[in-house]
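> Compact mmCIF, C-alpha atoms, saved as run-v1.txt, coming up:
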```txt
# COMPACT_ATOMS: atom_id res chain seq x y z
CA MET T 1 -30.91 -53.98 -170.32
CA ALA T 2 -28.17 -55.12 -167.91
CA ASP T 3 -30.37 -58.08 -166.99
CA TYR T 4 -27.26 -60.24 -167.07
CA LYS T 5 -25.79 -58.67 -163.96
CA VAL T 6 -25.56 -60.67 -160.77
CA ALA T 7 -26.63 -58.17 -158.11
CA SER T 8 -24.27 -59.14 -155.30
CA LEU T 9 -21.31 -59.35 -157.69
CA ALA T 10 -22.12 -55.97 -159.22
CA ARG T 11 -22.31 -54.49 -155.71
CA LEU T 12 -18.93 -55.96 -154.77
CA ILE T 13 -17.26 -54.67 -157.95
CA ASP T 14 -18.80 -51.29 -157.26
CA GLN T 15 -17.50 -51.42 -153.71
CA PHE T 16 -13.92 -52.11 -154.78
CA GLU T 17 -14.15 -49.43 -157.47
CA ARG T 18 -14.83 -46.81 -154.82
CA LEU T 19 -11.47 -47.51 -153.14
CA PRO T 20 -8.64 -45.10 -153.94
CA GLY T 21 -6.51 -46.07 -156.95
CA ILE T 22 -8.75 -48.95 -158.05
CA GLY T 23 -10.28 -48.73 -161.55
CA HIS T 24 -13.10 -50.80 -163.01
CA LYS T 25 -10.88 -53.59 -164.36
CA SER T 26 -8.97 -53.95 -161.08
CA ALA T 27 -12.24 -53.89 -159.15
CA GLN T 28 -13.52 -56.72 -161.32
CA ARG T 29 -10.36 -58.73 -160.75
CA LEU T 30 -10.56 -58.21 -157.00
CA ALA T 31 -14.23 -59.20 -156.89
CA PHE T 32 -13.56 -62.40 -158.84
CA HIS T 33 -10.69 -63.09 -156.46
CA VAL T 34 -13.11 -62.83 -153.53
CA LEU T 35 -15.41 -65.34 -155.25
CA SER T 36 -12.49 -67.76 -155.59
CA MET T 37 -11.74 -67.58 -151.85
CA THR T 38 -12.71 -70.33 -149.42
CA ASP T 39 -15.54 -69.56 -146.99
CA GLU T 40 -13.03 -69.04 -144.18
CA GLN T 41 -10.93 -66.64 -146.22
CA ALA T 42 -13.93 -64.52 -147.23
CA GLU T 43 -15.15 -64.39 -143.64
CA ALA T 44 -11.68 -63.46 -142.40
CA PHE T 45 -11.52 -60.68 -145.01
CA ALA T 46 -14.84 -59.20 -143.90
CA GLN T 47 -13.91 -59.60 -140.23
CA ASN T 48 -10.56 -57.85 -140.71
CA ILE T 49 -12.34 -54.86 -142.19
CA LEU T 50 -14.83 -54.68 -139.33
CA ASP T 51 -12.16 -55.29 -136.67
CA ALA T 52 -9.78 -52.64 -137.89
CA HIS T 53 -12.60 -50.16 -138.35
CA LYS T 54 -14.18 -50.77 -134.94
CA LYS T 55 -11.12 -51.22 -132.77
CA ILE T 56 -8.84 -48.51 -134.05
CA LYS T 57 -9.13 -45.06 -132.51
CA LYS T 58 -6.68 -42.30 -131.74
CA CYS T 59 -4.20 -42.59 -128.86
CA SER T 60 -5.31 -40.08 -126.23
CA ARG T 61 -1.77 -38.78 -125.91
CA CYS T 62 -0.07 -38.73 -129.33
CA CYS T 63 -3.12 -39.09 -131.63
CA ASN T 64 -1.47 -42.02 -133.43
CA LEU T 65 -3.75 -44.93 -134.30
CA SER T 66 -4.29 -47.33 -131.43
CA GLU T 67 -6.61 -50.08 -130.28
CA GLU T 68 -6.34 -48.92 -126.68
CA GLU T 69 -6.45 -45.65 -124.78
CA LEU T 70 -2.68 -45.31 -125.18
CA CYS T 71 -0.80 -46.54 -128.27
CA PRO T 72 2.00 -49.12 -127.90
CA ILE T 73 4.66 -46.42 -128.20
CA CYS T 74 3.16 -44.13 -125.54
CA LYS T 75 2.74 -47.13 -123.23
CA ASN T 76 6.34 -48.25 -123.68
CA SER T 77 8.33 -46.96 -120.67
CA ALA T 78 11.60 -47.57 -122.53
CA ARG T 79 10.83 -44.71 -124.94
CA ASN T 80 12.32 -41.31 -124.24
CA GLU T 81 9.36 -39.13 -123.32
CA SER T 82 11.35 -35.91 -123.38
CA VAL T 83 11.51 -35.93 -127.20
CA VAL T 84 8.42 -35.63 -129.41
CA CYS T 85 8.57 -36.09 -133.17
CA VAL T 86 5.66 -34.27 -134.85
CA VAL T 87 4.47 -35.97 -138.06
CA GLU T 88 1.56 -35.50 -140.45
CA ASP T 89 0.30 -39.04 -140.72
CA PRO T 90 0.37 -42.43 -138.94
CA ARG T 91 2.30 -43.79 -141.95
CA ASP T 92 5.14 -41.42 -141.10
CA VAL T 93 5.36 -43.02 -137.66
CA MET T 94 5.73 -46.41 -139.36
CA ALA T 95 8.49 -44.96 -141.57
CA PHE T 96 10.46 -43.65 -138.56
CA GLU T 97 9.96 -46.88 -136.61
CA ARG T 98 11.43 -48.84 -139.51
CA THR T 99 14.73 -46.98 -139.01
CA HIS T 100 15.06 -48.56 -135.51
CA GLU T 101 17.06 -45.44 -134.63
CA TYR T 102 14.52 -43.21 -132.91
CA ASP T 103 13.55 -43.95 -129.32
CA GLY T 104 11.49 -40.86 -128.55
CA THR T 105 7.72 -40.45 -128.84
CA TYR T 106 5.52 -39.06 -131.61
CA HIS T 107 2.67 -36.68 -132.17
CA VAL T 108 0.45 -37.26 -135.19
CA LEU T 109 -1.19 -34.11 -136.58
CA HIS T 110 -3.50 -35.96 -139.01
CA GLY T 111 -2.95 -33.40 -141.73
CA VAL T 112 -1.21 -30.12 -142.46
CA ILE T 113 -2.39 -26.55 -142.48
CA SER T 114 -3.59 -25.95 -146.01
CA PRO T 115 -5.77 -22.87 -146.57
CA MET T 116 -6.23 -23.92 -150.24
CA ASN T 117 -8.01 -27.08 -149.05
CA GLY T 118 -9.80 -25.32 -146.20
CA VAL T 119 -7.66 -26.93 -143.48
CA GLY T 120 -6.84 -24.50 -140.69
CA PRO T 121 -4.71 -24.93 -137.53
CA GLU T 122 -7.81 -25.95 -135.57
CA ASP T 123 -8.49 -28.84 -137.96
CA ILE T 124 -5.32 -30.76 -137.12
CA ALA T 125 -4.11 -32.07 -133.76
CA ILE T 126 -2.21 -28.92 -132.68
CA LYS T 127 -4.24 -28.23 -129.53
CA GLU T 128 -3.63 -31.83 -128.42
CA LEU T 129 0.11 -31.20 -128.89
CA LEU T 130 0.02 -27.99 -126.84
CA ALA T 131 -2.00 -29.66 -124.07
CA ARG T 132 0.49 -32.49 -123.93
CA LEU T 133 3.52 -30.19 -123.72
CA SER T 134 2.11 -28.10 -120.88
CA ASP T 135 3.34 -30.46 -118.15
CA GLY T 136 6.97 -29.53 -118.86
CA LYS T 137 8.27 -33.08 -119.28
CA VAL T 138 9.18 -32.58 -122.93
CA SER T 139 12.43 -30.81 -123.78
CA GLU T 140 12.68 -31.20 -127.56
CA VAL T 141 10.11 -31.18 -130.34
CA ILE T 142 11.29 -32.42 -133.76
CA MET T 143 9.19 -31.01 -136.59
CA ALA T 144 8.99 -33.89 -139.07
CA THR T 145 6.25 -32.72 -141.40
CA ASN T 146 6.86 -33.34 -145.12
CA PRO T 147 9.32 -31.04 -146.92
CA THR T 148 6.48 -29.56 -149.00
CA VAL T 149 5.13 -26.01 -148.96
CA GLU T 150 2.30 -26.99 -146.61
CA GLY T 151 4.53 -29.16 -144.42
CA GLU T 152 7.00 -26.27 -144.06
CA ALA T 153 4.28 -23.78 -143.26
CA THR T 154 2.81 -26.10 -140.62
CA ALA T 155 6.26 -26.65 -139.08
CA MET T 156 6.86 -22.88 -138.94
CA TYR T 157 3.41 -22.22 -137.44
CA ILE T 158 3.85 -24.81 -134.69
CA SER T 159 7.43 -23.79 -133.91
CA ARG T 160 6.29 -20.22 -133.33
CA LEU T 161 3.70 -21.47 -130.85
CA LEU T 162 6.25 -23.63 -129.02
CA LYS T 163 9.24 -21.33 -128.75
CA PRO T 164 7.72 -19.12 -126.01
CA MET T 165 7.31 -22.30 -123.96
CA GLY T 166 11.10 -22.61 -123.73
CA LEU T 167 11.29 -25.82 -125.77
CA THR T 168 13.98 -26.75 -128.26
CA VAL T 169 12.26 -27.01 -131.62
CA THR T 170 14.23 -28.73 -134.38
CA ARG T 171 13.53 -29.58 -138.02
CA LEU T 172 14.63 -32.65 -140.00
CA ALA T 173 17.80 -32.07 -142.05
CA TYR T 174 17.44 -31.37 -145.75
CA GLY T 175 19.92 -32.82 -148.20
CA VAL T 176 20.51 -35.38 -150.89
CA PRO T 177 18.81 -38.71 -150.22
CA VAL T 178 21.22 -41.57 -149.54
CA GLY T 179 21.82 -43.72 -152.63
CA ALA T 180 20.50 -41.09 -155.05
CA ASP T 181 22.34 -39.72 -158.07
CA LEU T 182 23.48 -36.10 -157.67
CA GLU T 183 22.89 -35.58 -161.37
CA TYR T 184 19.15 -35.93 -160.82
CA ALA T 185 18.91 -33.91 -157.60
CA ASP T 186 16.83 -30.74 -157.94
CA GLU T 187 18.37 -27.31 -157.38
CA VAL T 188 16.61 -26.57 -154.11
CA THR T 189 17.67 -29.88 -152.55
CA LEU T 190 21.28 -29.37 -153.69
CA THR T 191 21.30 -25.82 -152.31
CA ARG T 192 19.99 -27.08 -148.96
CA ALA T 193 22.56 -29.90 -148.98
CA LEU T 194 25.35 -27.36 -149.52
CA GLU T 195 24.03 -25.07 -146.79
CA GLY T 196 23.84 -27.96 -144.36
CA ARG T 197 27.31 -29.39 -145.14
CA ARG T 198 29.26 -30.79 -142.21
CA LYS T 199 32.95 -31.28 -141.41
CA LEU T 200 34.29 -34.76 -142.04
CA MET P 8 10.78 -54.74 -132.19
CA ALA P 9 7.70 -53.84 -134.24
CA ASP P 10 5.99 -52.93 -130.96
CA TYR P 11 4.53 -49.90 -132.71
CA LYS P 12 2.22 -51.97 -134.89
CA VAL P 13 -1.51 -51.86 -134.30
CA ALA P 14 -2.54 -55.52 -134.62
CA SER P 15 -5.88 -55.09 -136.39
CA LEU P 16 -4.42 -52.53 -138.80
CA ALA P 17 -1.46 -54.76 -139.61
CA ARG P 18 -3.87 -57.64 -140.27
CA LEU P 19 -5.97 -55.50 -142.60
CA ILE P 20 -2.93 -54.27 -144.55
CA ASP P 21 -1.77 -57.86 -144.81
CA GLN P 22 -5.22 -58.88 -146.05
CA PHE P 23 -5.25 -56.29 -148.82
CA GLU P 24 -1.67 -57.20 -149.76
CA ARG P 25 -2.76 -60.76 -150.50
CA LEU P 26 -5.17 -59.56 -153.21
CA PRO P 27 -3.95 -59.82 -156.82
CA GLY P 28 -2.13 -56.74 -158.12
CA ILE P 29 -1.97 -54.98 -154.74
CA GLY P 30 1.49 -54.16 -153.34
CA HIS P 31 2.42 -53.08 -149.82
CA LYS P 32 1.98 -49.36 -150.43
CA SER P 33 -1.42 -49.80 -152.08
CA ALA P 34 -2.50 -52.15 -149.30
CA GLN P 35 -1.55 -49.51 -146.75
CA ARG P 36 -3.51 -46.86 -148.62
CA LEU P 37 -6.57 -49.12 -148.86
CA ALA P 38 -6.40 -49.98 -145.16
CA PHE P 39 -6.20 -46.32 -144.18
CA HIS P 40 -9.11 -45.66 -146.48
CA VAL P 41 -11.14 -48.27 -144.58
CA LEU P 42 -10.29 -46.52 -141.30
CA SER P 43 -11.57 -43.24 -142.73
CA MET P 44 -14.95 -44.81 -143.64
CA THR P 45 -18.08 -44.24 -141.59
CA ASP P 46 -19.36 -47.20 -139.56
CA GLU P 47 -22.08 -47.83 -142.14
CA GLN P 48 -19.63 -47.82 -145.03
CA ALA P 49 -17.27 -50.28 -143.34
CA GLU P 50 -20.15 -52.59 -142.46
CA ALA P 51 -21.48 -52.39 -146.03
CA PHE P 52 -18.02 -53.24 -147.36
CA ALA P 53 -17.72 -56.33 -145.16
CA GLN P 54 -21.30 -57.34 -145.96
CA ASN P 55 -20.75 -57.00 -149.71
CA ILE P 56 -17.83 -59.40 -149.50
CA LEU P 57 -19.82 -61.95 -147.51
CA ASP P 58 -22.92 -61.56 -149.68
CA ALA P 59 -21.15 -62.03 -152.97
CA HIS P 60 -19.15 -64.94 -151.64
CA LYS P 61 -22.12 -66.74 -150.11
CA LYS P 62 -24.82 -66.08 -152.68
CA ILE P 63 -22.97 -66.59 -155.94
CA LYS P 64 -22.82 -70.07 -157.39
CA LYS P 65 -22.85 -71.46 -160.91
CA CYS P 66 -26.00 -71.48 -163.06
CA SER P 67 -27.06 -75.13 -163.38
CA ARG P 68 -27.49 -74.70 -167.11
CA CYS P 69 -24.79 -72.40 -168.50
CA CYS P 70 -22.30 -72.42 -165.58
CA ASN P 71 -22.24 -68.60 -165.54
CA LEU P 72 -22.23 -66.97 -162.10
CA SER P 73 -25.68 -66.69 -160.60
CA GLU P 74 -27.41 -66.12 -157.28
CA GLU P 75 -30.17 -68.54 -158.19
CA GLU P 76 -30.47 -72.01 -159.75
CA LEU P 77 -30.70 -70.42 -163.18
CA CYS P 78 -28.85 -67.22 -164.13
CA PRO P 79 -30.81 -64.16 -165.35
CA ILE P 80 -29.92 -64.92 -168.98
CA CYS P 81 -31.05 -68.58 -168.86
CA LYS P 82 -34.27 -67.53 -167.12
CA ASN P 83 -35.04 -64.84 -169.71
CA SER P 84 -37.54 -66.35 -172.17
CA ALA P 85 -36.80 -63.57 -174.68
CA ARG P 86 -33.34 -64.99 -175.32
CA ASN P 87 -32.82 -67.26 -178.29
CA GLU P 88 -32.15 -70.68 -176.78
CA SER P 89 -31.14 -72.25 -180.07
CA VAL P 90 -27.81 -70.40 -180.09
CA VAL P 91 -25.10 -70.98 -177.45
CA CYS P 92 -22.00 -68.82 -177.23
CA VAL P 93 -19.17 -70.73 -175.50
CA VAL P 94 -16.79 -68.49 -173.51
CA GLU P 95 -13.90 -69.04 -171.12
CA ASP P 96 -14.89 -66.76 -168.30
CA PRO P 97 -17.89 -64.93 -166.77
CA ARG P 98 -16.16 -61.66 -167.68
CA ASP P 99 -16.48 -62.61 -171.35
CA VAL P 100 -20.26 -62.85 -170.89
CA MET P 101 -20.22 -59.31 -169.54
CA ALA P 102 -18.20 -58.18 -172.58
CA PHE P 103 -20.72 -59.72 -175.03
CA GLU P 104 -23.69 -58.34 -173.11
CA ARG P 105 -22.22 -54.86 -173.33
CA THR P 106 -22.55 -55.04 -177.14
CA HIS P 107 -26.38 -55.29 -176.79
CA GLU P 108 -26.26 -57.21 -180.09
CA TYR P 109 -26.36 -60.83 -178.99
CA ASP P 110 -29.66 -62.33 -177.91
CA GLY P 111 -28.65 -66.01 -177.61
CA THR P 112 -27.48 -67.85 -174.52
CA TYR P 113 -24.00 -68.60 -173.18
CA HIS P 114 -21.95 -71.44 -171.81
CA VAL P 115 -19.07 -70.59 -169.48
CA LEU P 116 -16.21 -73.10 -169.52
CA HIS P 117 -14.38 -71.59 -166.52
CA GLY P 118 -11.01 -72.07 -168.15
CA VAL P 119 -9.33 -73.46 -171.25
CA ILE P 120 -7.60 -76.74 -171.95
CA SER P 121 -3.97 -76.11 -171.08
CA PRO P 122 -1.76 -79.19 -170.65
CA MET P 123 1.14 -76.92 -169.62
CA ASN P 124 -0.88 -75.83 -166.57
CA GLY P 125 -2.32 -79.27 -165.95
CA VAL P 126 -5.83 -78.34 -167.12
CA GLY P 127 -7.45 -81.13 -169.13
CA PRO P 128 -10.88 -81.30 -170.88
CA GLU P 129 -12.42 -82.79 -167.73
CA ASP P 130 -11.36 -79.76 -165.64
CA ILE P 131 -13.52 -77.27 -167.52
CA ALA P 132 -17.30 -77.28 -168.07
CA ILE P 133 -17.31 -79.35 -171.30
CA LYS P 134 -19.43 -82.22 -169.97
CA GLU P 135 -22.04 -79.71 -168.79
CA LEU P 136 -22.08 -78.30 -172.35
CA LEU P 137 -22.55 -81.76 -173.89
CA ALA P 138 -25.31 -82.65 -171.42
CA ARG P 139 -27.10 -79.44 -172.23
CA LEU P 140 -26.90 -79.93 -176.01
CA SER P 141 -28.27 -83.48 -175.89
CA ASP P 142 -31.93 -82.38 -175.89
CA GLY P 143 -31.63 -81.16 -179.52
CA LYS P 144 -33.00 -77.67 -178.89
CA VAL P 145 -29.72 -75.97 -179.82
CA SER P 146 -28.87 -75.50 -183.48
CA GLU P 147 -25.74 -73.33 -183.38
CA VAL P 148 -22.75 -73.21 -181.05
CA ILE P 149 -20.47 -70.17 -181.37
CA MET P 150 -16.96 -70.87 -180.11
CA ALA P 151 -15.92 -67.61 -178.46
CA THR P 152 -12.82 -68.66 -176.55
CA ASN P 153 -9.91 -66.20 -176.66
CA PRO P 154 -7.84 -66.03 -179.88
CA THR P 155 -4.83 -67.49 -178.04
CA VAL P 156 -3.10 -70.83 -178.57
CA GLU P 157 -5.04 -72.42 -175.73
CA GLY P 158 -8.32 -70.77 -176.68
CA GLU P 159 -7.93 -72.05 -180.26
CA ALA P 160 -7.07 -75.55 -179.11
CA THR P 161 -10.09 -75.63 -176.80
CA ALA P 162 -12.37 -74.38 -179.59
CA MET P 163 -11.03 -77.09 -181.94
CA TYR P 164 -11.40 -79.79 -179.30
CA ILE P 165 -15.01 -78.89 -178.52
CA SER P 166 -16.00 -78.42 -182.17
CA ARG P 167 -14.79 -81.97 -182.93
CA LEU P 168 -17.01 -83.28 -180.14
CA LEU P 169 -20.03 -81.32 -181.37
CA LYS P 170 -19.91 -81.90 -185.11
CA PRO P 171 -21.11 -85.53 -184.96
CA MET P 172 -24.19 -84.21 -183.10
CA GLY P 173 -25.27 -82.41 -186.30
CA LEU P 174 -24.81 -78.93 -184.82
CA THR P 175 -23.53 -75.87 -186.64
CA VAL P 176 -20.30 -74.86 -184.89
CA THR P 177 -18.98 -71.40 -185.69
CA ARG P 178 -15.98 -69.38 -184.55
CA LEU P 179 -15.71 -65.62 -183.96
CA ALA P 180 -14.30 -63.72 -186.96
CA TYR P 181 -10.65 -62.73 -186.91
CA GLY P 182 -9.58 -59.40 -188.32
CA VAL P 183 -8.37 -55.92 -187.52
CA PRO P 184 -10.00 -54.41 -184.43
CA VAL P 185 -12.28 -51.45 -185.16
CA GLY P 186 -10.53 -48.13 -184.59
CA ALA P 187 -7.03 -49.62 -184.67
CA ASP P 188 -4.16 -48.48 -186.90
CA LEU P 189 -3.26 -50.97 -189.67
CA GLU P 190 0.37 -49.93 -189.33
CA TYR P 191 0.50 -51.57 -185.91
CA ALA P 192 -1.49 -54.71 -186.74
CA ASP P 193 0.55 -57.92 -186.46
CA GLU P 194 1.13 -60.16 -189.50
CA VAL P 195 -1.13 -63.00 -188.37
CA THR P 196 -4.07 -60.67 -187.73
CA LEU P 197 -3.60 -58.95 -191.09
CA THR P 198 -3.38 -62.31 -192.90
CA ARG P 199 -6.61 -63.43 -191.20
CA ALA P 200 -8.27 -60.10 -192.06
CA LEU P 201 -7.32 -60.59 -195.73
CA GLU P 202 -8.56 -64.18 -195.74
CA GLY P 203 -11.85 -63.13 -194.21
CA ARG P 204 -12.43 -60.15 -196.55
CA ARG P 205 -16.02 -59.51 -197.63
CA LYS P 206 -17.69 -57.85 -200.64
CA LEU P 207 -18.81 -54.28 -200.11
```
Would you mind writing the file's structure down as structure tokens?

Amino acid sequence: MADYKVASLARLIDQFERLPGIGHKSAQRLAFHVLSMTDEQAEAFAQNILDAHKKIKKCSRCCNLSEEELCPICKNSARNESVVCVVEDPRDVMAFERTHEYDGTYHVLHGVISPMNGVGPEDIAIKELLARLSDGKVSEVIMATNPTVEGEATAMYISRLLKPMGLTVTRLAYGVPVGADLEYADEVTLTRALEGRRKL
Amino acid sequence: MADYKVASLARLIDQFERLPGIGHKSAQRLAFHVLSMTDEQAEAFAQNILDAHKKIKKCSRCCNLSEEELCPICKNSARNESVVCVVEDPRDVMAFERTHEYDGTYHVLHGVISPMNGVGPEDIAIKELLARLSDGKVSEVIMATNPTVEGEATAMYISRLLKPMGLTVTRLAYGVPVGADLEYADEVTLTRALEGRRKL
């Protein structure tokens, strides 16, 4: 049957349903929202998708997302080029930038080493990192991969590659998150927080 | 600051964030998903939005969504044109069609009378319904607005308009939903289920 379906609407619902985290009901709501848009809004929506998809590529230096050859951070001469913060994902760069406290540069790996998922060292941007460090301008590399098993393993793997190059390799501090309740902190985090305690 | 932002990506995140039920984190995830699409997929996505928005209008007869002058249901000569099921929303048509049990036609009001929200009888497709019924081909009108205060009021309002025309006006049955637990049924539903009891 299904003769009642409006083809272009069914296609749009289907399209939204294929996005991550969107179920059938949400997809339907989104599609009906598109129908309620003005012509200009619908065209702007479509154009934004095409624009972002076409224009955005990887920065040739740090592999972060960029519309140009170099990303805004790599182009900014006010940033401290001697420090590189290695992260898994462009979203992590956004998170660090929101702190307004870090003035160094970044390197985006676009993943972590994860043999379970078939991701090896050659599948993430490690060779780009090594190539970039070979000119000797960088003095410190901060490993800022996630504090997960894979993030740790990736940080260890990269630090072993970098140490022979005479670089300082550091890792983000572990501890209790600010504003959290100690009662709910897990054992490993508390142990790390104790180990990393500092004089007041 | 915010010099780290990639303009087209920020615009796309912003675009997704304006959709109903999508927060900042979800919008970010959707935008990154778009970046990970192939060229063809991104173009298809944009095209689906434009297509649905441009092609879909209201059926000139039942006001349901349609790409053509008449919707697939109104065009289908196998449907029983003497019965019209009046619903609030195109999604309700989809719900009835999924039952595969109804072979009549529909009329979509695109809303309910709701003085609290400033929606009067002239704001929903009541005059289109009256115009359509004037040719005398319809014998029964099923009021299938939602069993809410506004849905009830709208059903009552329309039935009063239709009765002088000599039409049979019916309302969906109230009762306990199939598969539900009586223990959790509310008092009003149970009372209606008792009132509407039938001989076995």
> I'd like to know which of T:Tyr174, T:Tyr106, T:Phe96, T:Tyr157 is closest to T:Thr191, using only C-alpha atoms.
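Comparing T:Tyr174, T:Tyr106, T:Phe96, T:Tyr157 against T:Thr191, the winner is T:Tyr174.
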> Give me, as JSON lines, the closest atom pair and its distance (Å, one decimal) for every residue of chain P within a cut-off of 9 Å of chain T, counting only C-alpha atoms, rows sorted by chain and rising number.

```
{"residue": "P:Met8", "atom": "CA", "partner": "T:His100", "partner_atom": "CA", "distance": 8.2}
{"residue": "P:Ala9", "atom": "CA", "partner": "T:Glu97", "partner_atom": "CA", "distance": 7.7}
{"residue": "P:Asp10", "atom": "CA", "partner": "T:Pro72", "partner_atom": "CA", "distance": 6.3}
{"residue": "P:Tyr11", "atom": "CA", "partner": "T:Pro72", "partner_atom": "CA", "distance": 5.5}
{"residue": "P:Lys12", "atom": "CA", "partner": "T:Pro72", "partner_atom": "CA", "distance": 7.6}
{"residue": "P:Val13", "atom": "CA", "partner": "T:Ser66", "partner_atom": "CA", "distance": 6.0}
{"residue": "P:Ala14", "atom": "CA", "partner": "T:Glu67", "partner_atom": "CA", "distance": 8.1}
{"residue": "P:Ser15", "atom": "CA", "partner": "T:Ala52", "partner_atom": "CA", "distance": 4.8}
{"residue": "P:Leu16", "atom": "CA", "partner": "T:Ala52", "partner_atom": "CA", "distance": 5.4}
{"residue": "P:Ala17", "atom": "CA", "partner": "T:Ala52", "partner_atom": "CA", "distance": 8.8}
{"residue": "P:Arg18", "atom": "CA", "partner": "T:Asn48", "partner_atom": "CA", "distance": 6.7}
{"residue": "P:Leu19", "atom": "CA", "partner": "T:Asn48", "partner_atom": "CA", "distance": 5.5}
{"residue": "P:Gln22", "atom": "CA", "partner": "T:Phe45", "partner_atom": "CA", "distance": 6.6}
{"residue": "P:Phe23", "atom": "CA", "partner": "T:Phe45", "partner_atom": "CA", "distance": 8.5}
{"residue": "P:Leu26", "atom": "CA", "partner": "T:Leu30", "partner_atom": "CA", "distance": 6.7}
{"residue": "P:Pro27", "atom": "CA", "partner": "T:Leu30", "partner_atom": "CA", "distance": 6.8}
{"residue": "P:Gly28", "atom": "CA", "partner": "T:Ser26", "partner_atom": "CA", "distance": 8.0}
{"residue": "P:Ser33", "atom": "CA", "partner": "T:Gly21", "partner_atom": "CA", "distance": 8.0}
{"residue": "P:Gln35", "atom": "CA", "partner": "T:Arg91", "partner_atom": "CA", "distance": 8.4}
{"residue": "P:Arg36", "atom": "CA", "partner": "T:Pro20", "partner_atom": "CA", "distance": 7.6}
{"residue": "P:Leu37", "atom": "CA", "partner": "T:Leu19", "partner_atom": "CA", "distance": 6.7}
{"residue": "P:Ala38", "atom": "CA", "partner": "T:Ile49", "partner_atom": "CA", "distance": 8.2}
{"residue": "P:His40", "atom": "CA", "partner": "T:Leu19", "partner_atom": "CA", "distance": 7.3}
{"residue": "P:Val41", "atom": "CA", "partner": "T:His53", "partner_atom": "CA", "distance": 6.7}
{"residue": "P:Leu42", "atom": "CA", "partner": "T:His53", "partner_atom": "CA", "distance": 5.2}
{"residue": "P:Ser43", "atom": "CA", "partner": "T:His53", "partner_atom": "CA", "distance": 8.3}
{"residue": "P:Met44", "atom": "CA", "partner": "T:His53", "partner_atom": "CA", "distance": 7.9}
{"residue": "P:Thr45", "atom": "CA", "partner": "T:His53", "partner_atom": "CA", "distance": 8.7}
{"residue": "P:Asp46", "atom": "CA", "partner": "T:His53", "partner_atom": "CA", "distance": 7.5}
{"residue": "P:Ala49", "atom": "CA", "partner": "T:Leu50", "partner_atom": "CA", "distance": 6.4}
{"residue": "P:Glu50", "atom": "CA", "partner": "T:Leu50", "partner_atom": "CA", "distance": 6.5}
{"residue": "P:Ala51", "atom": "CA", "partner": "T:Gln15", "partner_atom": "CA", "distance": 8.7}
{"residue": "P:Phe52", "atom": "CA", "partner": "T:Gln15", "partner_atom": "CA", "distance": 6.6}
{"residue": "P:Ala53", "atom": "CA", "partner": "T:Ala46", "partner_atom": "CA", "distance": 4.3}
{"residue": "P:Gln54", "atom": "CA", "partner": "T:Ala46", "partner_atom": "CA", "distance": 7.0}
{"residue": "P:Asn55", "atom": "CA", "partner": "T:Leu12", "partner_atom": "CA", "distance": 5.5}
{"residue": "P:Ile56", "atom": "CA", "partner": "T:Ala46", "partner_atom": "CA", "distance": 6.4}
{"residue": "P:Leu57", "atom": "CA", "partner": "T:Ala42", "partner_atom": "CA", "distance": 6.4}
{"residue": "P:Asp58", "atom": "CA", "partner": "T:Ser8", "partner_atom": "CA", "distance": 6.3}
{"residue": "P:Ala59", "atom": "CA", "partner": "T:Ser8", "partner_atom": "CA", "distance": 4.8}
{"residue": "P:His60", "atom": "CA", "partner": "T:Leu35", "partner_atom": "CA", "distance": 5.2}
{"residue": "P:Lys61", "atom": "CA", "partner": "T:Asp39", "partner_atom": "CA", "distance": 7.8}
{"residue": "P:Lys62", "atom": "CA", "partner": "T:Ser8", "partner_atom": "CA", "distance": 7.4}
{"residue": "P:Ile63", "atom": "CA", "partner": "T:Ser8", "partner_atom": "CA", "distance": 7.6}
{"residue": "P:Leu72", "atom": "CA", "partner": "T:Val6", "partner_atom": "CA", "distance": 7.2}
{"residue": "P:Ser73", "atom": "CA", "partner": "T:Val6", "partner_atom": "CA", "distance": 6.0}
{"residue": "P:Glu74", "atom": "CA", "partner": "T:Val6", "partner_atom": "CA", "distance": 6.7}
{"residue": "P:Cys78", "atom": "CA", "partner": "T:Tyr4", "partner_atom": "CA", "distance": 7.7}
{"residue": "P:Pro79", "atom": "CA", "partner": "T:Tyr4", "partner_atom": "CA", "distance": 5.6}
{"residue": "P:Ile80", "atom": "CA", "partner": "T:Tyr4", "partner_atom": "CA", "distance": 5.7}
{"residue": "P:Asn83", "atom": "CA", "partner": "T:Asp3", "partner_atom": "CA", "distance": 8.7}
{"residue": "P:Arg98", "atom": "CA", "partner": "T:Gln28", "partner_atom": "CA", "distance": 8.5}
{"residue": "P:Val100", "atom": "CA", "partner": "T:Tyr4", "partner_atom": "CA", "distance": 8.4}
{"residue": "P:Met101", "atom": "CA", "partner": "T:Tyr4", "partner_atom": "CA", "distance": 7.5}
{"residue": "P:Glu104", "atom": "CA", "partner": "T:Tyr4", "partner_atom": "CA", "distance": 7.3}
{"residue": "P:Arg105", "atom": "CA", "partner": "T:Ala2", "partner_atom": "CA", "distance": 8.1}
{"residue": "P:His107", "atom": "CA", "partner": "T:Met1", "partner_atom": "CA", "distance": 8.0}
```
> Could you check how far atom CA of T:Lys75 sits from atom CA of T:His107, in Å to one decimal?
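Result for atom CA of T:Lys75 versus atom CA of T:His107: 13.8 Å, one decimal.
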> Skipping near chain neighbours, those fewer than 6 positions away, what residues fall within 10 Å of T:Val149 using all atoms listed in the file, listed as a list in words?
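So, after excluding close chain neighbours, the residues are Val112, Ile113, Ser114 and Ala155 of chain T.
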> Please determine, counting only C-alpha atoms, which residue among P:Leu201, P:Ile165, P:Val145, P:Met172 has the shortest atom-to-atom distance to P:Glu88.
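Result for the nearest residue to P:Glu88: P:Val145.
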